[in-house]
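What follows is a set of notes on a single structure, which appears directly below.
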Amino acid sequence: MGEERSNLQHCKFEVPEIIFGRGLLNQIGACARRLGGHKVFLVSDAGLFAAGWVDRAIRHIMDAGLEVILYDNVTSNPKDVEIEAGAGEYIRHGADVIIGLGGGSAMDAAKGVAILVSNGGRIRDYVGPDKIIRPLPPLVLCPTTCGTGSDVSQFAIINDTENRCKLTIMSRCVAPDISLTDPDILETLPDEFVCTTATDALSHALEAYFSVASTSLTDVHAIKALRLVSNSLVQAVRERRPDDLENLSRASLHAGMAFSNSLLGIVHALAHPIGGLYDANHGSINAILLPEVLKYDIPVVTEKLPELAWGMGQAVGVSTSAAAEIVQEKLGAMLDAAGAPRSLRSIGVQREDLPELARRALKDVCIVTSPRQAEEKDLLAILERAY
């Protein structure tokens, strides 16, 4: 496996066009126009509207000579009913390009709308890999948090409100045409969301790095993301310095490119059913699960631990046994210093639901690329330790 990972001839690595830089939200209209758009369907949420970013985006879109239809009926963990209603609005208004402005919820909602307006049916029809037949309309995604990675990924995660579970859609089609990131937007992001979205990026990077589908290309981006988060997470939460916030924004981008091409593991396989059942914050769930899953994975990823320790700030040359202790200690200390939640109990998970959550996780697509395969009893043990 080591030779395969180091041989670029065996790698497939896909990303959209990426635009990154402070103040570049002003390019949002030009991006849509360059894709042939005339009437923009802007998907966002009430929080971004209250912070003033939606109004700024609309002005930039109109300055580019385009019409705008705003759809902000999107909530945390975007719901199937919201996506289906949004698709109806897109068609009713005759829109021809979609922009998603927000965190993972708004961007995944934009992806969901794009799927339905070109392929029809219901969003649950597209669960799993490569179920999308027809090309999507032009799509621009603009992240406003520092963790989701949805702006570069080949995934869309939607809540099934009837079955209280998360639907995972995986297709090259759902990666946007353009990813546009303006780190200045993070200045209005509340402290708790700086922490929980950055820990989402942290979990993306760690799971991408350990994935059985990882390659030398994904490892480069995963380690870069880990280094950026390790250097800036605590300072960004405590001091809100623009440079630290920009580093977290960069980390989200690197981690997104890594996991989109290598997939994930047990953290996300467990987080998806928890988020679906409880409608809980995804980054908070990941922060709680990550230390326990890392402990579970360590016996089968020892050869990668020294580089991981370096990515988290340790000097080079450490042994694998020392690296195992270092990465676990550094991860726990970083999560504590940033104020991340550390138990499933603290976010409202009920102990009696743990067996059902383990059963659901065993069917999640992310379990396939876990470096250490797990049975239901193993997943339940992880949940018990994290409880």
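Numbering starts fresh at 1 for the residues of each chain in the structure tokens, the chains themselves are lettered A, B, ... in the order given, and ligands are numbered from 1 as they appear.
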In segment 86-193 of chain A, DSSP helix (DSSP H, G or I) residues written as a PyMOL selection string: chain A and resi 86-93+104-119+123-126+172-174+183-188+191-193
Save the residues we just selected, N, CA and C atoms, as a compact mmCIF listing (two decimals), in the first residue's frame?
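Ended up saving to result_18.txt:
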```txt
# COMPACT_ATOMS: atom_id res chain seq x y z
N GLY A 86 -37.05 24.45 -2.43
CA GLY A 86 -36.14 25.32 -3.16
C GLY A 86 -36.10 25.00 -4.65
N ALA A 87 -36.13 23.73 -5.00
CA ALA A 87 -36.13 23.34 -6.41
C ALA A 87 -37.37 23.87 -7.11
N GLY A 88 -38.50 23.83 -6.40
CA GLY A 88 -39.73 24.38 -6.97
C GLY A 88 -39.61 25.87 -7.24
N GLU A 89 -38.97 26.61 -6.32
CA GLU A 89 -38.78 28.04 -6.50
C GLU A 89 -37.83 28.34 -7.66
N TYR A 90 -36.77 27.57 -7.78
CA TYR A 90 -35.82 27.74 -8.89
C TYR A 90 -36.55 27.61 -10.23
N ILE A 91 -37.35 26.57 -10.35
CA ILE A 91 -38.07 26.34 -11.61
C ILE A 91 -39.11 27.42 -11.85
N ARG A 92 -39.83 27.80 -10.79
CA ARG A 92 -40.89 28.81 -10.94
C ARG A 92 -40.35 30.14 -11.43
N HIS A 93 -39.15 30.50 -10.97
CA HIS A 93 -38.55 31.79 -11.34
C HIS A 93 -37.71 31.72 -12.62
N GLY A 104 -21.95 24.54 5.68
CA GLY A 104 -22.26 23.30 4.97
C GLY A 104 -23.73 23.14 4.68
N SER A 105 -24.59 23.66 5.56
CA SER A 105 -26.03 23.50 5.36
C SER A 105 -26.50 24.23 4.10
N ALA A 106 -26.13 25.48 3.95
CA ALA A 106 -26.55 26.25 2.77
C ALA A 106 -25.93 25.67 1.49
N MET A 107 -24.67 25.26 1.57
CA MET A 107 -24.02 24.75 0.37
C MET A 107 -24.56 23.38 -0.03
N ASP A 108 -24.83 22.52 0.95
CA ASP A 108 -25.43 21.23 0.61
C ASP A 108 -26.86 21.41 0.11
N ALA A 109 -27.57 22.39 0.66
CA ALA A 109 -28.90 22.69 0.14
C ALA A 109 -28.84 23.14 -1.31
N ALA A 110 -27.86 23.99 -1.63
CA ALA A 110 -27.68 24.44 -3.01
C ALA A 110 -27.40 23.25 -3.93
N LYS A 111 -26.57 22.33 -3.47
CA LYS A 111 -26.30 21.12 -4.25
C LYS A 111 -27.58 20.31 -4.46
N GLY A 112 -28.37 20.17 -3.38
CA GLY A 112 -29.61 19.41 -3.48
C GLY A 112 -30.58 20.03 -4.47
N VAL A 113 -30.71 21.35 -4.42
CA VAL A 113 -31.57 22.04 -5.39
C VAL A 113 -31.08 21.79 -6.81
N ALA A 114 -29.78 21.88 -7.00
CA ALA A 114 -29.20 21.67 -8.34
C ALA A 114 -29.50 20.26 -8.85
N ILE A 115 -29.42 19.27 -7.96
CA ILE A 115 -29.71 17.89 -8.36
C ILE A 115 -31.15 17.77 -8.85
N LEU A 116 -32.09 18.31 -8.08
CA LEU A 116 -33.50 18.11 -8.39
C LEU A 116 -33.96 18.88 -9.62
N VAL A 117 -33.44 20.09 -9.83
CA VAL A 117 -33.94 20.88 -10.97
C VAL A 117 -33.50 20.27 -12.30
N SER A 118 -32.42 19.48 -12.28
CA SER A 118 -31.97 18.87 -13.53
C SER A 118 -32.34 17.40 -13.65
N ASN A 119 -32.59 16.73 -12.52
CA ASN A 119 -32.85 15.29 -12.55
C ASN A 119 -34.24 14.89 -12.08
N ILE A 123 -35.13 14.03 -3.35
CA ILE A 123 -33.70 14.02 -3.07
C ILE A 123 -33.25 12.65 -2.58
N ARG A 124 -34.12 11.90 -1.93
CA ARG A 124 -33.74 10.57 -1.44
C ARG A 124 -33.48 9.59 -2.58
N ASP A 125 -33.91 9.93 -3.79
CA ASP A 125 -33.66 9.06 -4.94
C ASP A 125 -32.18 8.98 -5.31
N TYR A 126 -31.38 9.89 -4.78
CA TYR A 126 -29.98 10.00 -5.23
C TYR A 126 -28.98 9.58 -4.16
N ARG A 172 -19.37 13.03 -8.59
CA ARG A 172 -18.56 14.12 -9.13
C ARG A 172 -19.44 15.28 -9.55
N CYS A 173 -20.68 14.99 -9.92
CA CYS A 173 -21.60 16.03 -10.39
C CYS A 173 -21.88 17.10 -9.34
N VAL A 174 -21.82 16.73 -8.04
CA VAL A 174 -22.21 17.70 -7.02
C VAL A 174 -21.06 18.61 -6.58
N PRO A 183 -12.05 34.84 3.32
CA PRO A 183 -11.87 34.64 4.77
C PRO A 183 -12.38 35.79 5.62
N ASP A 184 -12.57 36.98 5.04
CA ASP A 184 -13.08 38.10 5.82
C ASP A 184 -14.45 37.81 6.42
N ILE A 185 -15.21 36.92 5.78
CA ILE A 185 -16.56 36.62 6.26
C ILE A 185 -16.51 35.98 7.65
N LEU A 186 -15.41 35.33 7.99
CA LEU A 186 -15.30 34.67 9.30
C LEU A 186 -15.30 35.67 10.46
N GLU A 187 -15.08 36.94 10.16
CA GLU A 187 -15.02 37.93 11.24
C GLU A 187 -16.35 38.05 11.99
N THR A 188 -17.47 37.68 11.35
CA THR A 188 -18.77 37.76 12.02
C THR A 188 -19.24 36.39 12.51
N ASP A 191 -17.98 32.75 18.13
CA ASP A 191 -16.85 31.96 18.64
C ASP A 191 -17.14 30.46 18.62
N GLU A 192 -18.34 30.07 19.06
CA GLU A 192 -18.63 28.64 19.15
C GLU A 192 -18.60 27.97 17.78
N PHE A 193 -18.95 28.72 16.73
CA PHE A 193 -18.94 28.14 15.39
C PHE A 193 -17.55 28.17 14.78
```
Pick out the residues sitting within 8 Å of Arg250 of chain A, and hand them over as a PyMOL selection string; count only C-alpha atoms, and ignore anything fewer than 6 positions along from it in its own chain. chain A and resi 146+225+228
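The protein and nucleic acid residues lying at most 9 Å from Ile274 of chain A are Cys165, Lys166, Leu270, Tyr278, Asp279, Ala280, His282, Ile285, Val349, Leu357 and Ala361 of chain A, with only C-alpha atoms considered and sequence neighbours fewer than 4 positions away removed.
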Within 6 Å of Leu180 of chain A using only C-alpha atoms, minus same-chain residues under 3 positions, as a list in words: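 After dropping sequence-adjacent residues, the list is Ile19, Phe20 and Cys142 of chain A.
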Quick one: residues within 7 Å of Ile158 of chain A, only C-alpha atoms counted, chain neighbours fewer than 2 positions away excluded, as an MDAnalysis selection string? chainID A and resid 77:80 156 160 166:168
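Residues with any atom within 9 Å of Lys131 of chain A, counting only C-alpha atoms and excluding same-chain neighbours fewer than 3 positions away, are Asp125, Tyr126, Val127, Gly128, Ile169, Met170 and Ser171 of chain A.
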Go ahead and save the residues from that selection, with C-alpha atoms, as a CSV table (one decimal), in the first residue's frame.
```csv
chain,number,residue,atom,x,y,z
A,125,ASP,CA,-33.7,9.1,-4.9
A,126,TYR,CA,-30.0,10.0,-5.2
A,127,VAL,CA,-28.6,8.5,-2.0
A,128,GLY,CA,-25.3,6.6,-2.5
A,169,ILE,CA,-25.2,11.7,-1.9
A,170,MET,CA,-21.8,11.1,-3.6
A,171,SER,CA,-21.1,12.1,-7.2
```
Using only C-alpha atoms, the residue out of A:Gly37, A:Gly23, A:Gly276, A:Gly100 with shortest distance to Arg164 of chain A is A:Gly276
Could you give me, as a Markdown table, a per-residue list for segment 51-154 of chain A showing, wherever an atom lies at most 9 Å from an atom of segment 195-198 of chain A, the closest pair of atoms and their distance in Å to one decimal, using only C-alpha atoms and sorting by chain then residue number from low to high?
```
| residue | atom | partner | partner_atom | distance |
| --- | --- | --- | --- | --- |
| A:Gly103 | CA | A:Thr197 | CA | 8.7 |
| A:Thr145 | CA | A:Thr197 | CA | 6.4 |
| A:Cys146 | CA | A:Ala198 | CA | 5.3 |
| A:Gly147 | CA | A:Thr197 | CA | 4.3 |
| A:Thr148 | CA | A:Thr197 | CA | 6.6 |
```
Could you turn the residues from that selection into a file that holds C-alpha atoms, as a tab-separated table (two decimals), in the first residue's frame?
```tsv
chain	number	residue	atom	x	y	z
A	103	GLY	CA	-21.86	26.93	5.90
A	145	THR	CA	-17.41	28.96	8.01
A	146	CYS	CA	-14.04	27.26	8.49
A	147	GLY	CA	-14.81	23.59	8.35
A	148	THR	CA	-17.34	22.16	5.96
```
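In terms of minimum interatomic distance to Ser230 of chain A, A:Gly313 ranks closest within A:Gly275, A:Gly313, A:Gly94, A:Gly29, counting only C-alpha atoms.
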Strand (DSSP E or B) per DSSP on the backbone: members of segment 130-345 of chain A, as a PDB file with N, CA and C atoms, in the first residue's frame:
```
ATOM      1  N   LEU A 139     -22.895  25.971 -10.866  1.00  0.00           N
ATOM      2  CA  LEU A 139     -22.952  26.037  -9.409  1.00  0.00           C
ATOM      3  C   LEU A 139     -21.704  26.711  -8.860  1.00  0.00           C
ATOM      4  N   VAL A 140     -21.916  27.755  -8.047  1.00  0.00           N
ATOM      5  CA  VAL A 140     -20.848  28.453  -7.346  1.00  0.00           C
ATOM      6  C   VAL A 140     -21.105  28.310  -5.850  1.00  0.00           C
ATOM      7  N   LEU A 141     -20.101  27.895  -5.092  1.00  0.00           N
ATOM      8  CA  LEU A 141     -20.267  27.746  -3.651  1.00  0.00           C
ATOM      9  C   LEU A 141     -19.281  28.638  -2.915  1.00  0.00           C
ATOM     10  N   CYS A 142     -19.822  29.366  -1.915  1.00  0.00           N
ATOM     11  CA  CYS A 142     -19.031  30.338  -1.149  1.00  0.00           C
ATOM     12  C   CYS A 142     -19.138  30.006   0.331  1.00  0.00           C
ATOM     13  N   PRO A 143     -18.129  29.363   0.932  1.00  0.00           N
ATOM     14  CA  PRO A 143     -18.195  29.005   2.348  1.00  0.00           C
ATOM     15  C   PRO A 143     -18.059  30.219   3.253  1.00  0.00           C
ATOM     16  N   PHE A 155     -19.659  15.467  -2.236  1.00  0.00           N
ATOM     17  CA  PHE A 155     -20.707  14.961  -1.349  1.00  0.00           C
ATOM     18  C   PHE A 155     -21.779  16.024  -1.110  1.00  0.00           C
ATOM     19  N   ALA A 156     -22.987  15.558  -0.841  1.00  0.00           N
ATOM     20  CA  ALA A 156     -24.051  16.396  -0.291  1.00  0.00           C
ATOM     21  C   ALA A 156     -24.720  15.578   0.803  1.00  0.00           C
ATOM     22  N   ILE A 157     -24.903  16.176   1.982  1.00  0.00           N
ATOM     23  CA  ILE A 157     -25.504  15.484   3.121  1.00  0.00           C
ATOM     24  C   ILE A 157     -26.815  16.191   3.462  1.00  0.00           C
ATOM     25  N   ILE A 158     -27.921  15.459   3.357  1.00  0.00           N
ATOM     26  CA  ILE A 158     -29.256  16.026   3.541  1.00  0.00           C
ATOM     27  C   ILE A 158     -30.003  15.222   4.601  1.00  0.00           C
ATOM     28  N   ASN A 159     -30.769  15.910   5.464  1.00  0.00           N
ATOM     29  CA  ASN A 159     -31.563  15.223   6.475  1.00  0.00           C
ATOM     30  C   ASN A 159     -32.887  14.733   5.895  1.00  0.00           C
ATOM     31  N   ASP A 160     -33.154  13.462   6.089  1.00  0.00           N
ATOM     32  CA  ASP A 160     -34.443  12.851   5.751  1.00  0.00           C
ATOM     33  C   ASP A 160     -35.355  13.059   6.955  1.00  0.00           C
ATOM     34  N   CYS A 165     -32.853  10.572   9.552  1.00  0.00           N
ATOM     35  CA  CYS A 165     -31.517  10.094   9.251  1.00  0.00           C
ATOM     36  C   CYS A 165     -30.896  11.004   8.199  1.00  0.00           C
ATOM     37  N   LYS A 166     -29.587  10.898   8.025  1.00  0.00           N
ATOM     38  CA  LYS A 166     -28.904  11.703   7.024  1.00  0.00           C
ATOM     39  C   LYS A 166     -28.722  10.905   5.744  1.00  0.00           C
ATOM     40  N   LEU A 167     -28.982  11.574   4.628  1.00  0.00           N
ATOM     41  CA  LEU A 167     -28.816  10.983   3.311  1.00  0.00           C
ATOM     42  C   LEU A 167     -27.481  11.436   2.741  1.00  0.00           C
ATOM     43  N   THR A 168     -26.646  10.502   2.345  1.00  0.00           N
ATOM     44  CA  THR A 168     -25.343  10.829   1.776  1.00  0.00           C
ATOM     45  C   THR A 168     -25.377  10.622   0.271  1.00  0.00           C
ATOM     46  N   ILE A 169     -25.196  11.705  -0.459  1.00  0.00           N
ATOM     47  CA  ILE A 169     -25.160  11.675  -1.918  1.00  0.00           C
ATOM     48  C   ILE A 169     -23.721  11.889  -2.346  1.00  0.00           C
ATOM     49  N   MET A 170     -23.216  10.999  -3.184  1.00  0.00           N
ATOM     50  CA  MET A 170     -21.816  11.073  -3.589  1.00  0.00           C
ATOM     51  C   MET A 170     -21.729  10.996  -5.109  1.00  0.00           C
ATOM     52  N   ILE A 178     -17.246  26.376  -9.377  1.00  0.00           N
ATOM     53  CA  ILE A 178     -16.319  27.332  -8.762  1.00  0.00           C
ATOM     54  C   ILE A 178     -16.501  27.326  -7.252  1.00  0.00           C
ATOM     55  N   SER A 179     -15.392  27.252  -6.525  1.00  0.00           N
ATOM     56  CA  SER A 179     -15.363  27.455  -5.078  1.00  0.00           C
ATOM     57  C   SER A 179     -14.741  28.827  -4.823  1.00  0.00           C
ATOM     58  N   LEU A 180     -15.495  29.697  -4.154  1.00  0.00           N
ATOM     59  CA  LEU A 180     -15.046  31.072  -3.892  1.00  0.00           C
ATOM     60  C   LEU A 180     -15.028  31.313  -2.386  1.00  0.00           C
ATOM     61  N   THR A 181     -13.839  31.528  -1.827  1.00  0.00           N
ATOM     62  CA  THR A 181     -13.700  31.717  -0.380  1.00  0.00           C
ATOM     63  C   THR A 181     -13.136  33.090  -0.073  1.00  0.00           C
TER      64      THR A 181
END
```
Please list as number ranges by chain every residue within 12 Å of Gly65 of chain A, counting only C-alpha atoms and excluding residues in the same chain fewer than 3 positions away. A: 28-34, 36-40, 58-62, 68
Quick one, how far is atom CA of Glu207 of chain A from atom CA of Gln314 of chain A?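 About the pair atom CA of Glu207 of chain A and atom CA of Gln314 of chain A: they are 19.4 Å apart.
Closest approach to Val293 of chain A among A:His254, A:His268, A:Arg360, A:His221: A:His268, based on only C-alpha atoms.
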To one decimal place, how far is atom CA of Glu292 of chain A from atom CA of Val316 of chain A in Å? 25.1 Å
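For the pair atom CA of Leu344 of chain A and atom CA of Ser284 of chain A, the interatomic distance is 9.0 Å.
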Return the single residue from A:Asp353, A:Asp364, A:Glu375, A:Glu307 that is closest to Val220 of chain A, with distances computed using only C-alpha atoms. A:Glu307
